[in-house]
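**Student:** Next up, data-v4.cif (mmCIF, C-alpha atoms).
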```
data_final
#
loop_
_atom_site.label_atom_id
_atom_site.label_comp_id
_atom_site.auth_asym_id
_atom_site.auth_seq_id
_atom_site.Cartn_x
_atom_site.Cartn_y
_atom_site.Cartn_z
CA MET A 103 59.47 161.28 133.96
CA ASP A 104 60.91 162.85 130.80
CA GLN A 105 64.39 162.30 132.17
CA THR A 106 63.67 158.64 133.01
CA VAL A 107 62.23 157.88 129.57
CA GLY A 108 65.18 159.64 127.94
CA LEU A 109 67.75 157.71 129.96
CA PHE A 110 66.19 154.40 128.93
CA GLU A 111 65.97 155.53 125.30
CA ASP A 112 69.70 156.29 125.35
CA GLN A 113 70.31 152.63 126.28
CA GLY A 114 67.93 151.23 123.67
CA ILE A 115 65.40 150.16 126.31
CA GLU A 116 61.69 150.57 125.63
CA THR A 117 59.46 151.85 128.44
CA GLN A 118 56.15 150.25 129.44
CA THR A 119 54.23 152.83 131.48
CA ILE A 120 51.64 152.22 134.21
CA LEU A 121 48.82 154.76 134.43
CA CYS A 122 48.12 154.99 138.17
CA TYR A 123 47.36 156.07 140.91
CA CYS A 124 44.82 158.81 141.57
CA ALA A 125 45.69 162.38 142.55
CA PRO A 126 43.84 163.18 145.83
CA TRP A 127 41.97 166.11 144.27
CA ALA A 128 40.63 163.86 141.47
CA ALA A 129 39.47 160.99 143.70
CA LEU A 130 35.78 160.13 143.59
CA ASN A 131 36.10 158.78 147.12
CA LYS A 132 38.39 161.04 149.15
CA GLU A 133 38.70 158.43 151.91
CA HIS A 134 40.47 156.06 149.53
CA GLY A 135 42.96 158.66 148.33
CA GLY A 136 45.30 157.47 145.60
CA ARG A 137 43.60 154.07 145.41
CA SER A 138 40.21 155.59 144.63
CA GLU A 139 38.45 155.45 141.29
CA PRO A 140 39.39 158.72 139.55
CA GLU A 141 36.89 161.36 138.51
CA PRO A 142 36.04 160.24 134.91
CA GLU A 143 36.81 163.47 133.06
CA ALA A 144 40.09 164.01 134.90
CA TRP A 145 41.11 160.40 134.26
CA ALA A 146 40.40 160.60 130.52
CA GLU A 147 42.26 163.91 130.23
CA PHE A 148 45.28 162.51 132.11
CA CYS A 149 45.46 159.47 129.81
CA ARG A 150 45.08 161.64 126.72
CA LYS A 151 47.80 164.07 127.82
CA MET A 152 50.23 161.24 128.61
CA ALA A 153 49.75 159.60 125.22
CA GLU A 154 49.99 162.94 123.42
CA HIS A 155 53.18 163.96 125.22
CA TYR A 156 54.94 160.61 124.68
CA ARG A 157 53.58 159.79 121.23
CA GLY A 158 56.24 157.84 119.32
CA ARG A 159 58.30 157.30 122.48
CA ILE A 160 56.07 155.13 124.68
CA ARG A 161 54.24 152.28 122.98
CA PHE A 162 52.70 150.37 125.90
CA TYR A 163 50.31 151.83 128.48
CA GLU A 164 49.11 149.67 131.38
CA VAL A 165 45.85 150.77 132.99
CA TRP A 166 46.51 150.64 136.74
CA ASN A 167 48.59 148.24 138.81
CA GLU A 168 47.06 145.05 140.21
CA PRO A 169 43.49 146.40 140.13
CA ASP A 170 42.24 143.13 141.63
CA LEU A 171 43.92 143.79 145.01
CA THR A 172 42.36 146.09 147.61
CA GLY A 173 45.81 147.39 148.55
CA PHE A 174 46.07 149.06 145.15
CA ALA A 175 42.50 149.63 144.00
CA ARG A 176 39.37 150.55 145.95
CA PHE A 177 36.82 150.16 143.17
CA ASP A 178 34.77 147.29 141.76
CA SER A 179 34.94 145.42 138.46
CA LYS A 180 32.32 147.58 136.74
CA ALA A 181 34.17 150.78 137.61
CA TYR A 182 37.50 149.38 136.46
CA ALA A 183 36.08 148.17 133.14
CA GLY A 184 34.85 151.71 132.57
CA MET A 185 38.28 153.11 133.42
CA MET A 186 39.91 150.79 130.88
CA LYS A 187 37.54 151.79 128.10
CA SER A 188 37.96 155.46 128.90
CA ALA A 189 41.77 155.17 128.89
CA TYR A 190 41.70 153.22 125.63
CA GLN A 191 39.59 155.81 123.83
CA ALA A 192 41.66 158.72 125.15
CA ILE A 193 45.00 157.15 124.22
CA LYS A 194 43.96 155.94 120.77
CA ALA A 195 42.52 159.36 119.91
CA VAL A 196 46.00 160.91 119.98
CA ASP A 197 48.23 157.87 119.32
CA PRO A 198 46.50 155.11 117.33
CA GLN A 199 49.71 153.02 117.30
CA ALA A 200 49.88 152.82 121.10
CA GLN A 201 49.05 149.50 122.76
CA VAL A 202 46.74 149.62 125.78
CA MET A 203 47.22 146.89 128.37
CA THR A 204 44.87 145.81 131.11
CA GLY A 205 46.19 146.44 134.55
CA GLY A 206 48.57 143.66 135.51
CA TYR A 207 46.19 141.42 137.46
CA ALA A 208 48.02 140.10 140.52
CA THR A 209 46.84 136.53 140.80
CA LEU A 210 44.14 133.92 140.40
CA ASN A 211 45.23 132.28 143.63
CA ASP A 212 43.11 132.53 146.78
CA HIS A 213 44.81 135.75 147.88
CA PRO A 214 43.41 137.47 151.02
CA SER A 215 43.57 140.90 149.34
CA LEU A 216 41.53 139.97 146.26
CA SER A 217 38.55 142.31 146.07
CA ASP A 218 36.58 139.67 144.15
CA PRO A 219 37.75 136.18 143.07
CA LEU A 220 36.11 136.82 139.68
CA PHE A 221 37.41 140.39 139.29
CA GLN A 222 39.79 139.54 136.44
CA GLU A 223 37.29 137.52 134.45
CA LYS A 224 34.51 140.07 134.93
CA THR A 225 36.63 143.02 133.83
CA LEU A 226 38.02 141.18 130.81
CA VAL A 227 34.43 140.63 129.66
CA LEU A 228 33.00 144.01 130.68
CA GLY A 229 36.06 145.86 129.38
CA ARG A 230 36.24 144.10 126.01
CA GLY A 231 37.16 146.64 123.37
CA GLY A 232 39.12 148.63 125.95
CA TYR A 233 42.46 146.80 125.79
CA ASP A 234 44.90 145.39 123.24
CA ILE A 235 46.90 143.20 125.64
CA HIS A 236 45.92 141.14 128.68
CA ALA A 237 48.52 141.71 131.43
CA TYR A 238 49.03 139.21 134.25
CA HIS A 239 51.51 138.80 137.12
CA GLU A 240 51.58 135.70 139.39
CA HIS A 241 54.78 135.76 141.45
CA GLY A 242 56.28 132.64 142.98
CA PRO A 243 58.19 129.48 141.99
CA PHE A 244 57.64 127.72 138.68
CA MET A 245 55.33 124.96 139.91
CA HIS A 246 52.95 127.54 141.40
CA PHE A 247 53.06 129.51 138.14
CA TYR A 248 52.50 126.31 136.13
CA ARG A 249 49.45 125.30 138.17
CA MET A 250 47.93 128.78 137.98
CA MET A 251 48.51 128.90 134.22
CA THR A 252 47.21 125.41 133.50
CA ASN A 253 44.34 125.16 135.97
CA ARG A 254 43.06 128.73 136.18
CA PHE A 255 44.56 131.39 133.90
CA LEU A 256 44.38 129.75 130.47
CA PRO A 257 40.93 128.18 131.10
CA MET A 258 39.68 131.55 132.36
CA ARG A 259 40.85 133.30 129.16
CA GLU A 260 39.03 130.73 127.05
CA ARG A 261 35.90 130.89 129.19
CA ALA A 262 35.85 134.69 128.94
CA GLY A 263 36.44 134.58 125.18
CA VAL A 264 39.60 136.69 125.41
CA LYS A 265 41.32 136.92 122.02
CA ALA A 266 43.82 139.62 122.98
CA PRO A 267 47.38 138.34 123.49
CA TRP A 268 48.70 138.16 127.04
CA TRP A 269 51.88 139.45 128.65
CA ALA A 270 53.48 138.11 131.84
CA ASN A 271 54.40 141.65 132.77
CA GLU A 272 55.44 141.30 136.43
CA THR A 273 56.32 137.86 137.65
CA ALA A 274 59.37 136.70 139.55
CA LEU A 275 60.65 134.99 142.69
CA THR A 276 62.47 136.52 145.62
CA SER A 277 65.94 135.25 146.51
CA ALA A 278 65.42 135.91 150.23
CA GLY A 279 66.82 133.17 152.46
CA ASN A 280 69.88 132.43 150.31
CA ASN A 281 67.84 131.30 147.30
CA GLU A 282 69.70 132.91 144.42
CA ARG A 283 69.94 129.72 142.35
CA PRO A 284 66.22 128.84 142.64
CA GLN A 285 65.51 132.43 141.60
CA ALA A 286 67.64 132.00 138.47
CA GLU A 287 65.96 128.67 137.67
CA ALA A 288 62.52 130.26 138.10
CA LEU A 289 63.33 132.95 135.53
CA TYR A 290 64.25 130.37 132.88
CA LYS A 291 61.30 128.08 133.55
CA LYS A 292 58.62 130.74 133.90
CA LEU A 293 59.75 132.74 130.87
CA ILE A 294 60.00 129.72 128.56
CA PHE A 295 56.73 128.23 129.80
CA ALA A 296 54.88 131.55 129.41
CA TRP A 297 56.30 132.00 125.90
CA ALA A 298 55.27 128.48 124.91
CA ASN A 299 51.75 129.19 126.16
CA GLY A 300 51.16 132.30 124.11
CA ALA A 301 52.74 135.15 126.09
CA ILE A 302 54.02 137.95 123.86
CA GLY A 303 56.23 139.39 126.59
CA TYR A 304 57.79 138.62 129.96
CA THR A 305 58.84 141.24 132.51
CA TRP A 306 60.95 140.24 135.50
CA TYR A 307 60.31 142.10 138.75
CA ASP A 308 62.73 143.70 139.27
CA LEU A 309 66.16 144.85 138.10
CA ARG A 310 67.65 145.96 141.43
CA ASN A 311 67.06 144.80 145.00
CA ASP A 312 64.97 147.20 147.07
CA GLY A 313 67.07 146.82 150.23
CA TYR A 314 69.80 144.97 152.10
CA ASN A 315 67.89 142.66 154.47
CA PRO A 316 68.68 139.09 153.28
CA THR A 317 65.49 137.68 154.86
CA ASP A 318 63.05 140.34 153.60
CA GLY A 319 61.29 139.02 150.50
CA GLU A 320 60.56 142.47 149.08
CA HIS A 321 64.25 143.40 149.36
CA ASN A 322 65.43 140.50 147.19
CA TYR A 323 63.50 140.35 143.91
CA GLY A 324 66.22 142.08 141.89
CA MET A 325 68.63 140.73 139.30
CA ILE A 326 71.35 142.79 140.95
CA THR A 327 71.92 143.70 144.58
CA LYS A 328 71.12 147.10 146.05
CA ASP A 329 74.81 148.01 145.63
CA PHE A 330 74.83 146.87 141.99
CA TYR A 331 76.45 143.41 142.17
CA PRO A 332 74.95 140.76 139.83
CA LYS A 333 73.02 137.89 141.39
CA ALA A 334 72.76 134.42 139.80
CA VAL A 335 69.58 135.43 137.98
CA TYR A 336 71.46 138.12 136.03
CA PRO A 337 73.77 135.82 134.00
CA ALA A 338 70.81 133.44 133.60
CA TYR A 339 68.85 136.31 132.04
CA ASN A 340 71.74 137.21 129.74
CA ALA A 341 72.07 133.57 128.67
CA LEU A 342 68.36 133.43 127.83
CA VAL A 343 68.64 136.56 125.70
CA GLN A 344 71.70 135.29 123.84
CA VAL A 345 70.29 131.81 123.18
CA PHE A 346 66.64 132.61 122.38
CA ARG A 347 66.90 135.99 120.66
CA GLY A 348 65.35 135.84 117.19
CA LYS A 349 63.70 132.47 117.85
CA GLU A 350 60.06 131.48 117.46
CA PHE A 351 58.22 128.87 119.45
CA VAL A 352 57.50 125.71 117.43
CA LYS A 353 55.96 123.15 119.77
CA ALA A 354 56.09 121.41 123.13
CA LEU A 355 57.73 117.99 123.33
CA PRO A 356 55.59 115.27 125.01
CA LEU A 357 58.18 114.24 127.61
CA GLY A 358 55.67 113.12 130.23
CA GLU A 359 54.31 114.42 133.52
CA LEU A 360 56.51 116.97 135.31
CA HIS A 361 59.01 116.94 132.43
CA TRP A 362 59.15 119.85 130.00
CA GLY A 363 60.77 120.38 126.64
CA PHE A 364 60.01 123.23 124.25
CA LEU A 365 61.27 123.54 120.69
CA PHE A 366 62.19 126.91 119.18
CA GLN A 367 63.53 127.77 115.73
CA GLY A 368 65.31 130.70 114.10
CA ASP A 369 68.56 131.89 112.51
CA GLY A 370 69.22 128.50 110.91
CA GLU A 371 69.11 126.51 114.13
CA PHE A 372 66.78 124.87 116.62
CA ILE A 373 66.81 125.31 120.40
CA VAL A 374 65.27 122.95 122.94
CA GLY A 375 64.70 124.33 126.44
CA SER A 376 64.13 121.59 129.00
CA TRP A 377 63.83 120.72 132.69
CA SER A 378 62.10 118.35 135.10
CA GLU A 379 60.32 118.78 138.42
CA SER A 380 59.87 115.08 139.20
CA GLY A 381 63.24 114.35 140.81
CA VAL A 382 63.78 111.51 138.30
CA THR A 383 65.89 111.89 135.17
CA LEU A 384 63.94 110.33 132.29
CA PRO A 385 65.80 110.52 128.96
CA ALA A 386 64.09 110.96 125.61
CA LEU A 387 65.38 110.44 122.07
CA LEU A 388 65.45 113.26 119.52
CA LEU A 389 66.15 112.75 115.81
CA THR A 390 67.89 115.50 113.86
CA ASP A 391 69.97 116.32 110.80
CA ALA A 392 72.03 118.89 112.74
CA ARG A 393 75.75 118.98 112.00
CA SER A 394 76.48 119.46 115.72
CA VAL A 395 74.70 119.96 119.05
CA GLU A 396 75.68 122.18 121.98
CA LYS A 397 74.45 122.15 125.56
CA ILE A 398 74.07 125.55 127.21
CA ASP A 399 73.68 125.51 130.97
CA LEU A 400 71.63 127.92 133.08
CA MET A 401 74.48 130.43 133.26
CA GLY A 402 75.30 130.33 129.56
CA ASN A 403 78.28 127.96 129.64
CA VAL A 404 78.52 126.00 126.37
CA SER A 405 79.72 122.42 125.90
CA GLU A 406 79.55 119.88 123.09
CA HIS A 407 76.59 117.48 123.35
CA PRO A 408 76.78 113.94 121.91
CA ILE A 409 75.06 113.19 118.60
CA ASN A 410 75.17 109.67 117.15
CA ASN A 411 73.85 108.96 113.64
CA GLY A 412 71.35 111.79 113.96
CA GLN A 413 70.23 110.65 117.42
CA VAL A 414 70.41 112.92 120.47
CA VAL A 415 69.51 111.95 124.03
CA LEU A 416 67.68 114.63 126.02
CA GLU A 417 67.88 114.25 129.81
CA PRO A 418 65.72 116.81 131.64
CA ALA A 419 66.85 117.69 135.16
CA ILE A 420 65.86 120.00 138.02
CA THR A 421 68.21 122.68 136.70
CA PRO A 422 67.04 123.82 133.25
CA PHE A 423 69.31 123.88 130.22
CA SER A 424 69.17 124.44 126.46
CA LEU A 425 70.30 122.31 123.52
CA ARG A 426 71.34 124.15 120.36
CA PHE A 427 71.03 122.19 117.10
CA LYS A 428 73.36 123.94 114.65
CA GLY A 429 72.65 123.76 110.93
CA ALA A 430 69.52 121.70 111.54
CA GLY A 431 66.58 121.37 109.19
CA LYS A 432 64.61 119.29 111.66
CA VAL A 433 64.43 118.17 115.29
CA GLU A 434 61.88 115.46 115.96
CA PHE A 435 60.76 113.76 119.17
CA ALA A 436 61.16 109.99 118.70
CA GLY A 437 59.96 108.90 122.12
CA ASN A 438 60.83 108.44 125.76
CA LEU A 439 63.60 105.94 126.42
CA ILE A 440 62.63 105.19 130.01
CA THR A 441 59.27 105.11 131.78
CA PRO A 442 59.19 104.09 135.45
CA SER A 443 56.01 102.62 136.88
CA SER A 444 54.08 104.34 139.64
CA ALA A 445 56.02 102.82 142.49
CA ALA A 446 54.43 101.77 145.77
CA SER A 447 54.96 103.92 148.85
CA VAL A 448 58.42 103.70 150.37
CA ILE A 449 58.03 102.39 153.94
CA PRO A 450 60.97 102.29 156.39
CA ASN A 451 62.33 98.80 157.11
CA GLU A 452 60.32 97.26 154.23
CA ASP A 453 61.19 95.84 150.81
CA TRP A 454 60.53 98.14 147.86
CA SER A 455 60.66 97.69 144.09
CA ILE A 456 60.20 99.77 140.98
CA ASN A 457 59.54 98.66 137.41
CA VAL A 458 61.32 100.50 134.61
CA GLU A 459 60.27 100.17 130.97
CA THR A 460 63.07 100.86 128.51
CA ALA A 461 62.03 101.62 124.94
CA ASN A 462 64.01 101.81 121.72
CA PRO A 463 62.17 104.25 119.43
CA SER A 464 65.01 104.26 116.89
CA GLN A 465 65.13 102.29 113.64
CA ARG A 466 68.03 100.04 114.65
CA PRO A 467 68.72 97.59 117.52
CA ALA A 468 70.38 99.14 120.55
CA LYS A 469 72.08 98.18 123.78
CA PHE A 470 71.19 100.21 126.88
CA ASP A 471 73.25 100.39 130.05
CA LEU A 472 70.93 101.29 132.93
CA THR A 473 72.11 102.66 136.25
CA LEU A 474 69.57 103.36 138.99
CA ARG A 475 70.79 105.40 141.94
CA ALA A 476 68.49 105.46 144.95
CA PRO A 477 68.39 108.11 147.69
CA LYS A 478 70.36 107.66 150.88
CA GLY A 479 68.64 105.14 153.13
CA ILE A 480 67.58 102.80 150.30
CA LEU A 481 69.90 99.86 149.56
CA PRO A 482 71.62 99.05 147.36
CA GLN A 483 72.05 102.69 146.41
CA THR A 484 73.28 101.78 142.92
CA GLN A 485 72.06 99.03 140.58
CA GLU A 486 73.24 98.45 137.02
CA ARG A 487 71.72 96.48 134.13
CA SER A 488 72.52 96.04 130.43
CA VAL A 489 69.63 95.32 128.05
CA LYS A 490 69.43 94.75 124.30
CA ILE A 491 66.27 95.97 122.59
CA PRO A 492 65.30 95.58 118.92
CA ALA A 493 64.25 98.57 116.81
CA GLY A 494 60.88 99.84 117.99
CA GLY A 495 60.84 97.40 120.91
CA HIS A 496 60.75 97.75 124.68
CA ARG A 497 61.71 95.79 127.78
CA ASN A 498 60.67 95.86 131.43
CA GLU A 499 63.19 95.60 134.26
CA THR A 500 62.34 95.42 137.96
CA PHE A 501 64.74 96.82 140.56
CA HIS A 502 64.42 95.53 144.16
CA PHE A 503 65.52 97.48 147.23
CA LYS A 504 65.54 97.37 151.01
CA VAL A 505 64.49 100.51 152.88
CA SER A 506 66.45 101.30 156.04
CA PRO A 507 64.53 101.76 159.33
CA GLY A 508 65.41 105.45 159.58
CA PHE A 509 64.61 106.44 155.99
CA LYS A 510 62.84 109.77 155.43
CA SER A 511 61.60 111.32 152.20
CA SER A 512 64.15 113.20 150.12
CA PRO A 513 63.95 116.57 148.37
CA ALA A 514 63.32 116.32 144.64
CA GLU A 515 66.91 116.96 143.58
CA LYS A 516 68.06 113.98 145.70
CA GLN A 517 65.47 111.44 144.63
CA ALA A 518 66.01 108.45 142.35
CA VAL A 519 68.05 109.02 139.22
CA ILE A 520 67.95 106.66 136.25
CA ILE A 521 71.00 106.99 134.01
CA LEU A 522 70.97 105.69 130.46
CA ALA A 523 74.14 105.14 128.42
#
```
For this file, produce the structure as structure tokens.
**Tutor:**
Amino acid sequence: MDQTVGLFEDQGIETQTILCYCAPWAALNKEHGGRSEPEPEAWAEFCRKMAEHYRGRIRFYEVWNEPDLTGFARFDSKAYAGMMKSAYQAIKAVDPQAQVMTGGYATLNDHPSLSDPLFQEKTLVLGRGGYDIHAYHEHGPFMHFYRMMTNRFLPMRERAGVKAPWWANETALTSAGNNERPQAEALYKKLIFAWANGAIGYTWYDLRNDGYNPTDGEHNYGMITKDFYPKAVYPAYNALVQVFRGKEFVKALPLGELHWGFLFQGDGEFIVGSWSESGVTLPALLLTDARSVEKIDLMGNVSEHPINNGQVVLEPAITPFSLRFKGAGKVEFAGNLITPSSAASVIPNEDWSINVETANPSQRPAKFDLTLRAPKGILPQTQERSVKIPAGGHRNETFHFKVSPGFKSSPAEKQAVIILA
């Protein structure tokens, strides 16, 4: 391990160490082997020796890996809480500056290997005073991560009274099945969303593919292939580092359901990270005093973005992107420009219509050119309207369509698109 830590130090990379598993001779339950609860004195001595040996070199110590899954831990919540407190006391005794993390809990989903659905919450309460950082994983695509965060993880932290900061310290998406681009998109969305919701760190699992089988999920989590070629997620990671380094989260922009925009500030500029999961492009108006605006795509390519009298149109899409406001003292959300109604179900061989409200949140009259492009199988596929709206006003427009007999639902990236010019 000394060699590994040294190699990373030479590259300026900090090591976060996991304290696990159990040596067979120190297992309280020999039948469970390395997944057993350790003998208390041996466990405390191990943690103390590690922290003493690497004092000043390793700052973060994680107490076990996914202790909520039976495949990694064969002990209950009470035992694990005791292990955390013991590790905390042993580490702090020799290195008070070290940061002790809970084990990276795997999930709050209904996972078949969970030892107890309430394991995480119980141990956070029972182990209070035995950790500095709450570590959490939750692999999968962004929408799964979002639902777990919003519906379970964040409410659970509040319910348990957890004040310690949290770290998304092992969360990713496999690229198995030719899914390199969705993997890259997941990195951007999950990292930015976690950051905006209080995470102090984000660790992608992992750097290098574990194998060569293109259909094996475990073989394809890496940012680079097994033979060291970069995957799409690697330039996406580099772009994130270059764009967001030195920035601080400011606030979320209220773009509407399934649309996200997050404002960051630092180094004399603002950054907005944005995307949509709705399948519909709904533009919003931002007001700024920036001297110029750049759009940075998922892979880090930079292009000039239009700015007109301090007004910038933000158009979230399935693929995330960033807007850089150079020399800006402010970036303010003025309002959504388009809000479609909840349309009726699309039925083959029937008429269908959708109402679109166009708003002008600016302080001057404006003309809007609307183009609505429907999915294949809905006619006409393109409809165009021009509307004039006074300052602060709005206008409703209804678009009528005919659905073909053979129409089937479309994937999100091919659903209706509303274009505003």
**Student:** Atom CA of A:Asn271 and atom CA of A:Met258, how far apart in Å?
**Tutor:**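 It comes out at 17.9 Å.
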**Student:** Mind pulling up the distance from atom CA of A:Glu417 to atom CA of A:Glu359?
**Tutor:**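 Straight-line distance from atom CA of A:Glu359 to atom CA of A:Glu417 works out to 14.1 Å.
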**Student:** Using the chain letters and numbers from the file, give me the residues hit by the PyMOL selection byres ((chain A and resi 393-406) around 8), as a list in words.
**Tutor:**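 Here the PyMOL selection byres ((chain A and resi 393-406) around 8) matches Ala286, Glu287, Tyr290, Ala334, Pro337, Ala338, Asn340, Ala341, Leu342, Asp391, Ala392, His407, Pro408, Ile409, Thr421, Pro422, Phe423, Ser424, Leu425, Arg426, Phe427, Lys428, Gly429 and Ala430 of chain A.
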**Student:** Return as a CSV table (one decimal) with C-alpha atoms, in the frame of the given file the set of residues that the PyMOL selection byres ((chain A and resi 156-167) around 10) yields on the displayed structure.
**Tutor:**
```
chain,number,residue,atom,x,y,z
A,104,ASP,CA,60.9,162.8,130.8
A,107,VAL,CA,62.2,157.9,129.6
A,108,GLY,CA,65.2,159.6,127.9
A,111,GLU,CA,66.0,155.5,125.3
A,116,GLU,CA,61.7,150.6,125.6
A,117,THR,CA,59.5,151.8,128.4
A,118,GLN,CA,56.2,150.2,129.4
A,119,THR,CA,54.2,152.8,131.5
A,120,ILE,CA,51.6,152.2,134.2
A,121,LEU,CA,48.8,154.8,134.4
A,122,CYS,CA,48.1,155.0,138.2
A,123,TYR,CA,47.4,156.1,140.9
A,124,CYS,CA,44.8,158.8,141.6
A,137,ARG,CA,43.6,154.1,145.4
A,149,CYS,CA,45.5,159.5,129.8
A,151,LYS,CA,47.8,164.1,127.8
A,152,MET,CA,50.2,161.2,128.6
A,153,ALA,CA,49.8,159.6,125.2
A,154,GLU,CA,50.0,162.9,123.4
A,155,HIS,CA,53.2,164.0,125.2
A,168,GLU,CA,47.1,145.0,140.2
A,169,PRO,CA,43.5,146.4,140.1
A,170,ASP,CA,42.2,143.1,141.6
A,171,LEU,CA,43.9,143.8,145.0
A,174,PHE,CA,46.1,149.1,145.2
A,175,ALA,CA,42.5,149.6,144.0
A,182,TYR,CA,37.5,149.4,136.5
A,185,MET,CA,38.3,153.1,133.4
A,186,MET,CA,39.9,150.8,130.9
A,187,LYS,CA,37.5,151.8,128.1
A,189,ALA,CA,41.8,155.2,128.9
A,190,TYR,CA,41.7,153.2,125.6
A,193,ILE,CA,45.0,157.2,124.2
A,196,VAL,CA,46.0,160.9,120.0
A,197,ASP,CA,48.2,157.9,119.3
A,198,PRO,CA,46.5,155.1,117.3
A,199,GLN,CA,49.7,153.0,117.3
A,200,ALA,CA,49.9,152.8,121.1
A,201,GLN,CA,49.0,149.5,122.8
A,202,VAL,CA,46.7,149.6,125.8
A,203,MET,CA,47.2,146.9,128.4
A,204,THR,CA,44.9,145.8,131.1
A,205,GLY,CA,46.2,146.4,134.6
A,206,GLY,CA,48.6,143.7,135.5
A,207,TYR,CA,46.2,141.4,137.5
A,208,ALA,CA,48.0,140.1,140.5
A,232,GLY,CA,39.1,148.6,126.0
A,233,TYR,CA,42.5,146.8,125.8
A,234,ASP,CA,44.9,145.4,123.2
A,235,ILE,CA,46.9,143.2,125.6
A,236,HIS,CA,45.9,141.1,128.7
A,237,ALA,CA,48.5,141.7,131.4
A,271,ASN,CA,54.4,141.6,132.8
```
**Student:** Evaluate the PyMOL selection byres ((chain A and resi 462) around 10) and record the selected residues as a PDB file with C-alpha atoms, in the coordinates of the input, following the chain and residue labels used in the document.
**Tutor:**
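Result file is out25.pdb:
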```
ATOM      1  CA  ALA A 386      64.090 110.960 125.610  1.00  0.00           C
ATOM      2  CA  LEU A 387      65.380 110.440 122.070  1.00  0.00           C
ATOM      3  CA  ALA A 436      61.160 109.990 118.700  1.00  0.00           C
ATOM      4  CA  GLY A 437      59.960 108.900 122.120  1.00  0.00           C
ATOM      5  CA  ASN A 438      60.830 108.440 125.760  1.00  0.00           C
ATOM      6  CA  LEU A 439      63.600 105.940 126.420  1.00  0.00           C
ATOM      7  CA  ILE A 440      62.630 105.190 130.010  1.00  0.00           C
ATOM      8  CA  THR A 460      63.070 100.860 128.510  1.00  0.00           C
ATOM      9  CA  ALA A 461      62.030 101.620 124.940  1.00  0.00           C
ATOM     10  CA  PRO A 463      62.170 104.250 119.430  1.00  0.00           C
ATOM     11  CA  SER A 464      65.010 104.260 116.890  1.00  0.00           C
ATOM     12  CA  GLN A 465      65.130 102.290 113.640  1.00  0.00           C
ATOM     13  CA  ARG A 466      68.030 100.040 114.650  1.00  0.00           C
ATOM     14  CA  PRO A 467      68.720  97.590 117.520  1.00  0.00           C
ATOM     15  CA  ALA A 468      70.380  99.140 120.550  1.00  0.00           C
ATOM     16  CA  LYS A 469      72.080  98.180 123.780  1.00  0.00           C
ATOM     17  CA  PHE A 470      71.190 100.210 126.880  1.00  0.00           C
ATOM     18  CA  LYS A 490      69.430  94.750 124.300  1.00  0.00           C
ATOM     19  CA  ILE A 491      66.270  95.970 122.590  1.00  0.00           C
ATOM     20  CA  PRO A 492      65.300  95.580 118.920  1.00  0.00           C
ATOM     21  CA  ALA A 493      64.250  98.570 116.810  1.00  0.00           C
ATOM     22  CA  GLY A 494      60.880  99.840 117.990  1.00  0.00           C
ATOM     23  CA  GLY A 495      60.840  97.400 120.910  1.00  0.00           C
ATOM     24  CA  HIS A 496      60.750  97.750 124.680  1.00  0.00           C
ATOM     25  CA  ARG A 497      61.710  95.790 127.780  1.00  0.00           C
TER      26      ARG A 497
END
```
**Student:** Would you list the contacts of A:Leu216 as a PyMOL selection string, taking every protein, DNA or RNA residue within 9 Å and counting all atoms listed in the file, but skipping same-chain residues closer than 4 positions in sequence?
**Tutor:** chain A and resi 170-173+208-212+221
**Student:** Quick one: pull the distance between atom CA of A:Tyr336 and atom CA of A:Gln113, Å, one decimal.
**Tutor:**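 About the pair atom CA of A:Tyr336 and atom CA of A:Gln113: they are 17.5 Å apart.
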**Student:** May I ask which of the residues A:Ala278, A:Ile115, A:Met245, A:Leu384 is the closest one to A:Pro316, counting only C-alpha atoms?
**Tutor:**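 Answer, going by the shortest atom-to-atom distance: A:Ala278.
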**Student:** Using all atoms listed in the file, collect all residues at a distance of at most 6 Å from (57.4, 139.2, 130.5) as written in the file, then present them as a list in words.
**Tutor:**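 I get Trp269, Ala270, Asn271, Gly303, Tyr304 and Thr305 of chain A for the residues within 6 Å of that point.
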**Student:** Leaving out A:Leu481 and any residue of its chain fewer than 3 positions from it, which residues lie within 8 Å of it when counting only C-alpha atoms, given as a list in words?
**Tutor:**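 Close residues of A:Leu481: Ala476, Lys478, Thr484, Phe503, Lys504, Val505 and Ser506 of chain A.
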**Student:** Between A:Phe435, A:Phe501, A:Phe351, A:Phe364, single out the one closest to A:Leu389, counting all atoms listed in the file.
**Tutor:**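 Comparing A:Phe435, A:Phe501, A:Phe351, A:Phe364 against A:Leu389, the winner is A:Phe435.
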**Student:** Find the residue from A:Arg254, A:Lys265, A:Arg230, A:Lys333 that sits nearest to A:Ser277; use only C-alpha atoms when measuring.
**Tutor:**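 Of all the options, A:Lys333 lies closest to A:Ser277.
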**Student:** Let me make sure I understand: among A:Ala274, A:Asp178, A:Leu228, A:Val433, which one has the smallest atom-to-atom distance to A:Glu240 if we use all atoms listed in the file?
**Tutor:**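 Closest to A:Glu240 of all the choices is A:Ala274.
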**Student:** Find the residue from A:Val414, A:Ile420, A:Leu220, A:Ala354 that sits nearest to A:Lys291; use all atoms listed in the file when measuring.
**Tutor:** A:Ile420
**Student:** Find, counting all atoms listed in the file, the residue in A:Met103, A:Leu309, A:Ile294, A:Ile480 that gets nearest to A:Glu350.
**Tutor:**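 Looking at the shortest contact to A:Glu350, the residue is A:Ile294.
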